[in-house]
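Novice: Dropping a structure here in structure tokens format, bear with me for questions.
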Amino acid sequence: MKDFQYFMPTQIIFGKEVIKNNSSLFKEYGSKAMIVTGKNSAKKNGSLDDILEVLNINGIDYCIFDEIEENPSLETVEKGANLGKKEKIDFIIAIGGGSPLDAAKAINILVANEDATIEDLYILKAMKLLPAIAVATTAGTGSETTPYAILTNHQKKTKVNIVHKVFFDVAFLDPKYMMNMPLSITINTALDALSHLVEGYLTVKANLFSDTWAEKGLKLFAECIDDLKKENFTYELREKLILISTIAGVVIAQTGTSLPHGMGYHLTYFHNIAHGRANALLMKAYLEIYPNKERVDNILTCLGFKNLEELGKFIDDLLGEKEKVTKEEINAYAEDMVTNDLKLKNHPGKVTKKEFYIMYEKSLNVQ
Ligand code: NAP
Ligand code: FE
């Protein structure tokens, strides 16, 4: 049996009206909160109102930083941290998808460690943290149960995970916030969760505990396939999708992600392709080169597909027309991937530049 570690310290609270039903929990964390969220969705889906209500009930003061953009930048994180320091906050409440949740983790470090700078997010050393609560409003990244914070570095023209591991203390999961989510966000985020389960199952760090969660997540995903195809977004489907996403977060918290996540960042940065969509575009080509066919077959069995072609067709039908890229572009991305040690070390076996090129070529509309 392989050696392994398992760590997941976040309290998960799932169900109907979980914020209001657990309002007393907020008192434990201090008298001033900073809410970190995106520009619009939290105001529309009821999550911000629910948080404000429980803060008022508990007499907790708050400030709001609602400027987090998709694929949050280091600049926005710095701005949020400056507000948190000025307001002398005791704890953080992040509301939203992966972007606000990830940004809140980095903001947390910069507020809790007065002298820390953006550069310190990428230098491994001991860091203090404020308590932090997550309200997940997308069902995709699992950021509520992962320690990762993926931030856009415009100087490096890509997205980079910070080196510190920041788990939330509490994650609230209430499917009601997702009931009016647009089709494209629903599909892209669901496919991000699927890619976490698949990649997490196939990294070199996969182990008995992470496999157990990944297989359960894949089987739950199988129950969603018909409804996703039919765009039948019921409350029951939303419940399953948020659970799959959170389970997938638990998986990648142990295993990390692999080649599609590394390759997808180029598609997001240079072609504005949503994160989950980018991973899904690359998934079939990645599974084709994966060396351990038995592991791939286990994934297909859990998902209820007879072969890789069936999985590929399911994904293609959900994604529709593929984005155009040039040969020169994918050649540059392939070049970059052969030196991406962070992703390569999670993949069993060697991958050549030509193999990366072919994976991009098969996954996109190359002109
Ligand atoms: P997102 O970037 O957080 O949000 C995408 C869009 O969805 C935004 O326009 C947002 O609006 C909207 N939205 C959020 N909740 C909604 C709801 N309930 N109803 C309707 N619209 C809603 O999307 P995401 O896919 O969840 O996160 C992607 C980010 O997470 C990427 O930066 C990715 O790299 C990162 N990620 C992190 C991890 C991790 O482990 N930490 C794993 C995978 C990916 P507003 O902007 O107005 O809120
Ligand atoms: Fe992801």
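Simple scheme: letters A, B, ... for chains in structure tokens order, numbers from 1 for residues in each chain, numbers from 1 for ligands in the order shown.
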Using the chain letters and numbers from this document, which residues of range 45-289 of chain A does DSSP assign to strand (DSSP E), as a PyMOL selection string?

Specialist: chain A and resi 61-68+91-96+132-136+150-153+158-161+170-173

Novice: Once you have the residues from the selection above, write them out as a short mmCIF file (atom, residue, chain, number, x, y, z; two decimals), in the first residue's frame, restricted to N, CA, C and O atoms.

Specialist:
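Result file follows (part_21.cif):
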data_model
loop_
_atom_site.label_atom_id
_atom_site.label_comp_id
_atom_site.auth_asym_id
_atom_site.auth_seq_id
_atom_site.Cartn_x
_atom_site.Cartn_y
_atom_site.Cartn_z
N ASP A 61 -20.41 43.99 13.00
CA ASP A 61 -20.16 45.05 12.03
C ASP A 61 -19.49 44.44 10.79
O ASP A 61 -18.89 43.36 10.88
N TYR A 62 -19.59 45.13 9.65
CA TYR A 62 -18.97 44.55 8.45
C TYR A 62 -18.60 45.62 7.43
O TYR A 62 -19.10 46.75 7.48
N CYS A 63 -17.68 45.27 6.53
CA CYS A 63 -17.45 46.07 5.32
C CYS A 63 -17.53 45.10 4.15
O CYS A 63 -17.44 43.88 4.33
N ILE A 64 -17.79 45.65 2.96
CA ILE A 64 -17.96 44.79 1.78
C ILE A 64 -16.93 45.16 0.73
O ILE A 64 -16.77 46.33 0.38
N PHE A 65 -16.22 44.16 0.23
CA PHE A 65 -15.35 44.36 -0.94
C PHE A 65 -15.95 43.54 -2.08
O PHE A 65 -15.87 42.31 -2.09
N ASP A 66 -16.61 44.22 -3.02
CA ASP A 66 -17.35 43.49 -4.07
C ASP A 66 -16.76 43.75 -5.45
O ASP A 66 -17.48 43.95 -6.42
N GLU A 67 -15.45 43.71 -5.52
CA GLU A 67 -14.79 44.03 -6.79
C GLU A 67 -14.05 42.85 -7.40
O GLU A 67 -13.22 43.01 -8.29
N ILE A 68 -14.33 41.64 -6.90
CA ILE A 68 -13.57 40.49 -7.42
C ILE A 68 -14.08 40.14 -8.82
O ILE A 68 -15.26 39.86 -9.01
N PHE A 91 -12.56 38.80 10.80
CA PHE A 91 -12.70 37.59 10.00
C PHE A 91 -13.26 37.91 8.61
O PHE A 91 -13.72 39.04 8.37
N ILE A 92 -13.19 36.91 7.74
CA ILE A 92 -13.57 37.10 6.33
C ILE A 92 -14.73 36.18 5.98
O ILE A 92 -14.76 35.02 6.40
N ILE A 93 -15.68 36.73 5.22
CA ILE A 93 -16.74 35.89 4.66
C ILE A 93 -16.67 36.03 3.14
O ILE A 93 -16.88 37.11 2.59
N ALA A 94 -16.31 34.94 2.47
CA ALA A 94 -16.21 34.98 1.00
C ALA A 94 -17.51 34.42 0.43
O ALA A 94 -17.96 33.35 0.84
N ILE A 95 -18.10 35.15 -0.53
CA ILE A 95 -19.34 34.68 -1.15
C ILE A 95 -19.14 34.64 -2.66
O ILE A 95 -18.77 35.65 -3.26
N GLY A 96 -19.40 33.49 -3.27
CA GLY A 96 -19.35 33.45 -4.74
C GLY A 96 -18.80 32.16 -5.27
O GLY A 96 -18.77 31.13 -4.60
N ALA A 132 -12.04 32.30 8.50
CA ALA A 132 -12.71 32.59 7.22
C ALA A 132 -13.84 31.61 6.94
O ALA A 132 -13.73 30.42 7.21
N ILE A 133 -14.92 32.18 6.41
CA ILE A 133 -16.13 31.40 6.09
C ILE A 133 -16.38 31.52 4.59
O ILE A 133 -16.23 32.62 4.03
N ALA A 134 -16.76 30.42 3.95
CA ALA A 134 -17.07 30.47 2.52
C ALA A 134 -18.55 30.18 2.29
O ALA A 134 -19.12 29.29 2.93
N VAL A 135 -19.16 30.94 1.38
CA VAL A 135 -20.50 30.62 0.90
C VAL A 135 -20.34 30.33 -0.59
O VAL A 135 -20.09 31.24 -1.38
N ALA A 136 -20.40 29.05 -0.96
CA ALA A 136 -20.16 28.68 -2.36
C ALA A 136 -21.42 28.93 -3.17
O ALA A 136 -22.49 28.42 -2.83
N ILE A 150 -5.97 30.46 -6.96
CA ILE A 150 -5.36 30.63 -8.29
C ILE A 150 -5.58 32.09 -8.71
O ILE A 150 -6.72 32.51 -8.89
N LEU A 151 -4.49 32.81 -8.86
CA LEU A 151 -4.60 34.24 -9.15
C LEU A 151 -3.96 34.57 -10.50
O LEU A 151 -2.98 33.94 -10.90
N THR A 152 -4.53 35.56 -11.17
CA THR A 152 -3.99 35.98 -12.47
C THR A 152 -2.82 36.93 -12.25
O THR A 152 -2.95 37.93 -11.54
N ASN A 153 -1.70 36.55 -12.86
CA ASN A 153 -0.52 37.40 -12.80
C ASN A 153 -0.34 38.00 -14.20
O ASN A 153 0.09 37.32 -15.13
N THR A 158 -0.27 34.67 -17.01
CA THR A 158 -0.91 33.37 -16.73
C THR A 158 -1.52 33.41 -15.33
O THR A 158 -1.54 34.44 -14.67
N LYS A 159 -2.04 32.25 -14.92
CA LYS A 159 -2.63 32.14 -13.59
C LYS A 159 -1.73 31.24 -12.74
O LYS A 159 -1.28 30.21 -13.20
N VAL A 160 -1.49 31.68 -11.52
CA VAL A 160 -0.56 30.93 -10.67
C VAL A 160 -1.18 30.72 -9.29
O VAL A 160 -1.73 31.65 -8.70
N ASN A 161 -1.07 29.50 -8.80
CA ASN A 161 -1.55 29.17 -7.45
C ASN A 161 -0.59 29.76 -6.42
O ASN A 161 0.62 29.70 -6.60
N VAL A 170 -15.24 27.26 7.69
CA VAL A 170 -16.59 26.76 7.46
C VAL A 170 -16.96 26.95 5.99
O VAL A 170 -16.62 27.98 5.40
N ALA A 171 -17.66 25.98 5.41
CA ALA A 171 -18.18 26.14 4.05
C ALA A 171 -19.69 25.92 4.08
O ALA A 171 -20.16 24.85 4.49
N PHE A 172 -20.44 26.95 3.70
CA PHE A 172 -21.89 26.82 3.60
C PHE A 172 -22.28 26.43 2.17
O PHE A 172 -21.86 27.09 1.21
N LEU A 173 -23.08 25.39 2.07
CA LEU A 173 -23.54 24.92 0.75
C LEU A 173 -25.06 24.91 0.73
O LEU A 173 -25.68 24.06 1.38
#

Novice: Which residues are near range 40-50 of chain A? Cut-off 7 Å, only C-alpha atoms, ignore same chain within fewer than 2 positions. Put them as a PyMOL selection string.

Specialist: chain A and resi 19-20+38+52-54+95-96+177

Novice: Any chance you could export the current selection's C-alpha atoms as a PDB file, in the first residue's frame?

Specialist:
ATOM      1  CA  ILE A  19     -26.871  30.300   6.859  1.00  0.00           C
ATOM      2  CA  LYS A  20     -29.992  31.370   8.744  1.00  0.00           C
ATOM      3  CA  GLY A  38     -17.988  39.482  -7.017  1.00  0.00           C
ATOM      4  CA  LEU A  52     -26.182  40.533   6.088  1.00  0.00           C
ATOM      5  CA  GLU A  53     -29.234  39.284   7.997  1.00  0.00           C
ATOM      6  CA  VAL A  54     -27.219  36.964  10.264  1.00  0.00           C
ATOM      7  CA  ILE A  95     -19.337  34.683  -1.151  1.00  0.00           C
ATOM      8  CA  GLY A  96     -19.348  33.452  -4.735  1.00  0.00           C
ATOM      9  CA  TYR A 177     -28.340  30.283  -4.630  1.00  0.00           C
TER      10      TYR A 177
END

Novice: Rank A:Ile187, A:Leu218, A:Ile330, A:Ile244 by their smallest atom-to-atom distance to Gly264 in chain A, using only C-alpha atoms, and report the top residue only.

Specialist: A:Ile330

Novice: Taking only C-alpha atoms and all ligand atoms into account, produce a table as JSON lines in which each residue of chain A with an atom at most 8 Å from an atom of ligand 1 appears once, together with its shortest atom pair and the distance in Å to one decimal, ordered by chain and rising number.

Specialist:
{"residue": "A:Thr37", "atom": "CA", "partner": "ligand 1", "partner_atom_place_in_ligand_line": "48 (O)", "distance": 6.2}
{"residue": "A:Gly38", "atom": "CA", "partner": "ligand 1", "partner_atom_place_in_ligand_line": "48 (O)", "distance": 3.6}
{"residue": "A:Lys39", "atom": "CA", "partner": "ligand 1", "partner_atom_place_in_ligand_line": "47 (O)", "distance": 4.2}
{"residue": "A:Asn40", "atom": "CA", "partner": "ligand 1", "partner_atom_place_in_ligand_line": "47 (O)", "distance": 3.4}
{"residue": "A:Ser41", "atom": "CA", "partner": "ligand 1", "partner_atom_place_in_ligand_line": "47 (O)", "distance": 3.9}
{"residue": "A:Ala42", "atom": "CA", "partner": "ligand 1", "partner_atom_place_in_ligand_line": "48 (O)", "distance": 5.9}
{"residue": "A:Lys44", "atom": "CA", "partner": "ligand 1", "partner_atom_place_in_ligand_line": "19 (N)", "distance": 7.7}
{"residue": "A:Asn45", "atom": "CA", "partner": "ligand 1", "partner_atom_place_in_ligand_line": "18 (N)", "distance": 5.8}
{"residue": "A:Ile68", "atom": "CA", "partner": "ligand 1", "partner_atom_place_in_ligand_line": "46 (O)", "distance": 6.5}
{"residue": "A:Glu69", "atom": "CA", "partner": "ligand 1", "partner_atom_place_in_ligand_line": "46 (O)", "distance": 5.6}
{"residue": "A:Glu70", "atom": "CA", "partner": "ligand 1", "partner_atom_place_in_ligand_line": "2 (O)", "distance": 3.8}
{"residue": "A:Asn71", "atom": "CA", "partner": "ligand 1", "partner_atom_place_in_ligand_line": "32 (O)", "distance": 3.6}
{"residue": "A:Pro72", "atom": "CA", "partner": "ligand 1", "partner_atom_place_in_ligand_line": "32 (O)", "distance": 6.1}
{"residue": "A:Ile95", "atom": "CA", "partner": "ligand 1", "partner_atom_place_in_ligand_line": "48 (O)", "distance": 7.9}
{"residue": "A:Gly96", "atom": "CA", "partner": "ligand 1", "partner_atom_place_in_ligand_line": "15 (N)", "distance": 5.0}
{"residue": "A:Gly97", "atom": "CA", "partner": "ligand 1", "partner_atom_place_in_ligand_line": "3 (O)", "distance": 3.2}
{"residue": "A:Gly98", "atom": "CA", "partner": "ligand 1", "partner_atom_place_in_ligand_line": "27 (O)", "distance": 3.3}
{"residue": "A:Ser99", "atom": "CA", "partner": "ligand 1", "partner_atom_place_in_ligand_line": "3 (O)", "distance": 3.8}
{"residue": "A:Pro100", "atom": "CA", "partner": "ligand 1", "partner_atom_place_in_ligand_line": "3 (O)", "distance": 5.8}
{"residue": "A:Leu101", "atom": "CA", "partner": "ligand 1", "partner_atom_place_in_ligand_line": "41 (N)", "distance": 7.2}
{"residue": "A:Asp102", "atom": "CA", "partner": "ligand 1", "partner_atom_place_in_ligand_line": "41 (N)", "distance": 5.3}
{"residue": "A:Ala136", "atom": "CA", "partner": "ligand 1", "partner_atom_place_in_ligand_line": "15 (N)", "distance": 7.7}
{"residue": "A:Thr137", "atom": "CA", "partner": "ligand 1", "partner_atom_place_in_ligand_line": "18 (N)", "distance": 4.3}
{"residue": "A:Thr138", "atom": "CA", "partner": "ligand 1", "partner_atom_place_in_ligand_line": "15 (N)", "distance": 4.8}
{"residue": "A:Ala139", "atom": "CA", "partner": "ligand 1", "partner_atom_place_in_ligand_line": "26 (O)", "distance": 6.8}
{"residue": "A:Gly140", "atom": "CA", "partner": "ligand 1", "partner_atom_place_in_ligand_line": "26 (O)", "distance": 5.6}
{"residue": "A:Thr141", "atom": "CA", "partner": "ligand 1", "partner_atom_place_in_ligand_line": "43 (C)", "distance": 3.9}
{"residue": "A:Gly142", "atom": "CA", "partner": "ligand 1", "partner_atom_place_in_ligand_line": "40 (O)", "distance": 5.8}
{"residue": "A:Ser143", "atom": "CA", "partner": "ligand 1", "partner_atom_place_in_ligand_line": "41 (N)", "distance": 3.8}
{"residue": "A:Glu144", "atom": "CA", "partner": "ligand 1", "partner_atom_place_in_ligand_line": "41 (N)", "distance": 7.4}
{"residue": "A:Thr145", "atom": "CA", "partner": "ligand 1", "partner_atom_place_in_ligand_line": "40 (O)", "distance": 7.6}
{"residue": "A:Thr146", "atom": "CA", "partner": "ligand 1", "partner_atom_place_in_ligand_line": "40 (O)", "distance": 4.9}
{"residue": "A:Pro147", "atom": "CA", "partner": "ligand 1", "partner_atom_place_in_ligand_line": "40 (O)", "distance": 6.6}
{"residue": "A:Tyr148", "atom": "CA", "partner": "ligand 1", "partner_atom_place_in_ligand_line": "41 (N)", "distance": 4.3}
{"residue": "A:Ala149", "atom": "CA", "partner": "ligand 1", "partner_atom_place_in_ligand_line": "41 (N)", "distance": 4.7}
{"residue": "A:Ile150", "atom": "CA", "partner": "ligand 1", "partner_atom_place_in_ligand_line": "34 (O)", "distance": 5.1}
{"residue": "A:Leu151", "atom": "CA", "partner": "ligand 1", "partner_atom_place_in_ligand_line": "32 (O)", "distance": 6.5}
{"residue": "A:Thr152", "atom": "CA", "partner": "ligand 1", "partner_atom_place_in_ligand_line": "32 (O)", "distance": 7.6}
{"residue": "A:Lys159", "atom": "CA", "partner": "ligand 1", "partner_atom_place_in_ligand_line": "34 (O)", "distance": 7.2}
{"residue": "A:Tyr177", "atom": "CA", "partner": "ligand 1", "partner_atom_place_in_ligand_line": "18 (N)", "distance": 4.8}
{"residue": "A:Met178", "atom": "CA", "partner": "ligand 1", "partner_atom_place_in_ligand_line": "18 (N)", "distance": 4.1}
{"residue": "A:Met179", "atom": "CA", "partner": "ligand 1", "partner_atom_place_in_ligand_line": "18 (N)", "distance": 7.1}
{"residue": "A:Asn180", "atom": "CA", "partner": "ligand 1", "partner_atom_place_in_ligand_line": "19 (N)", "distance": 5.7}
{"residue": "A:Met181", "atom": "CA", "partner": "ligand 1", "partner_atom_place_in_ligand_line": "20 (C)", "distance": 3.9}
{"residue": "A:Pro182", "atom": "CA", "partner": "ligand 1", "partner_atom_place_in_ligand_line": "20 (C)", "distance": 6.1}
{"residue": "A:Ile185", "atom": "CA", "partner": "ligand 1", "partner_atom_place_in_ligand_line": "7 (O)", "distance": 5.9}
{"residue": "A:Asn188", "atom": "CA", "partner": "ligand 1", "partner_atom_place_in_ligand_line": "25 (O)", "distance": 7.0}
{"residue": "A:Thr189", "atom": "CA", "partner": "ligand 1", "partner_atom_place_in_ligand_line": "25 (O)", "distance": 5.1}
{"residue": "A:Asp192", "atom": "CA", "partner": "ligand 1", "partner_atom_place_in_ligand_line": "43 (C)", "distance": 6.8}
{"residue": "A:Ala193", "atom": "CA", "partner": "ligand 1", "partner_atom_place_in_ligand_line": "43 (C)", "distance": 7.9}
{"residue": "A:His196", "atom": "CA", "partner": "ligand 1", "partner_atom_place_in_ligand_line": "43 (C)", "distance": 7.6}
{"residue": "A:Gly249", "atom": "CA", "partner": "ligand 1", "partner_atom_place_in_ligand_line": "40 (O)", "distance": 6.4}
{"residue": "A:Ile252", "atom": "CA", "partner": "ligand 1", "partner_atom_place_in_ligand_line": "40 (O)", "distance": 7.3}
{"residue": "A:Ala253", "atom": "CA", "partner": "ligand 1", "partner_atom_place_in_ligand_line": "40 (O)", "distance": 7.3}
{"residue": "A:Tyr265", "atom": "CA", "partner": "ligand 1", "partner_atom_place_in_ligand_line": "34 (O)", "distance": 7.7}
{"residue": "A:Ala274", "atom": "CA", "partner": "ligand 1", "partner_atom_place_in_ligand_line": "25 (O)", "distance": 7.2}
{"residue": "A:His275", "atom": "CA", "partner": "ligand 1", "partner_atom_place_in_ligand_line": "33 (C)", "distance": 5.7}
{"residue": "A:Gly276", "atom": "CA", "partner": "ligand 1", "partner_atom_place_in_ligand_line": "25 (O)", "distance": 6.3}

Novice: Contacts of Lys85 in chain A at 12 Å or less, counting only C-alpha atoms, minus same-chain residues fewer than 2 places along, as a PyMOL selection string?

Specialist: chain A and resi 32-34+63+78-83+87-92+107-116+130

Novice: Assign secondary structure with DSSP using the backbone only, and return the residues of range 152-350 of chain A in helix (DSSP H, G or I) as an MDAnalysis selection string.

Specialist: chainID A and resid 175:178 183:202 208:230 235:255 259:271 275:289 293:303 308:319 327:337 341:344

Novice: Excluding Glu328 in chain A and residues on its chain fewer than 6 positions from it, collect all residues at most 10 Å away from it, counting only C-alpha atoms, and give them as a PDB file with C-alpha atoms, in the first residue's frame.

Specialist:
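And here is the file that came out, selection.pdb:
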ATOM      1  CA  ALA A 334       2.991  23.155 -25.718  1.00  0.00           C
ATOM      2  CA  VAL A 366      -6.895  24.755 -35.200  1.00  0.00           C
ATOM      3  CA  GLN A 367      -6.729  27.148 -38.141  1.00  0.00           C
TER       4      GLN A 367
END

Novice: Restricting the calculation to only C-alpha atoms and all ligand atoms, which member of A:Leu267, A:Leu124, A:Leu243, A:Leu197 is positioned closest to ligand 2?

Specialist: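 Among the listed residues, the smallest separation from ligand 2 belongs to A:Leu197.
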
Novice: By how many Å are CA of Gly312 in chain A and CA of Gly349 in chain A apart?

Specialist: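 If I compute the distance from CA of Gly312 in chain A to CA of Gly349 in chain A, I get 23.3 Å.
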
Novice: Check the smallest atom-to-atom distance from each of A:Thr212, A:Asn340, A:Gln5, A:Thr117 to Val77 in chain A using only C-alpha atoms, then report the winner.

Specialist: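 Answer, going by the shortest atom-to-atom distance: A:Thr117.
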
Novice: Find the residues around range 320-322 of chain A up to 7 Å (only C-alpha atoms counted), leave out those fewer than 3 positions away in its own chain, and share them as a list in words.

Specialist: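 With the cut-off at 7 Å, the set is Asp316, Asp317, Leu364 and Asn365 of chain A.
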
Novice: To one decimal place in Å, what is the distance between CA of Lys157 in chain A and CA of Ile273 in chain A?

Specialist: 14.6 Å

Novice: Could you jot down the CA of Leu183 in chain A to CA of Ala104 in chain A separation for me, Å, one decimal place?

Specialist: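 Computing the Euclidean distance for CA of Leu183 in chain A and CA of Ala104 in chain A yields 26.0 Å.
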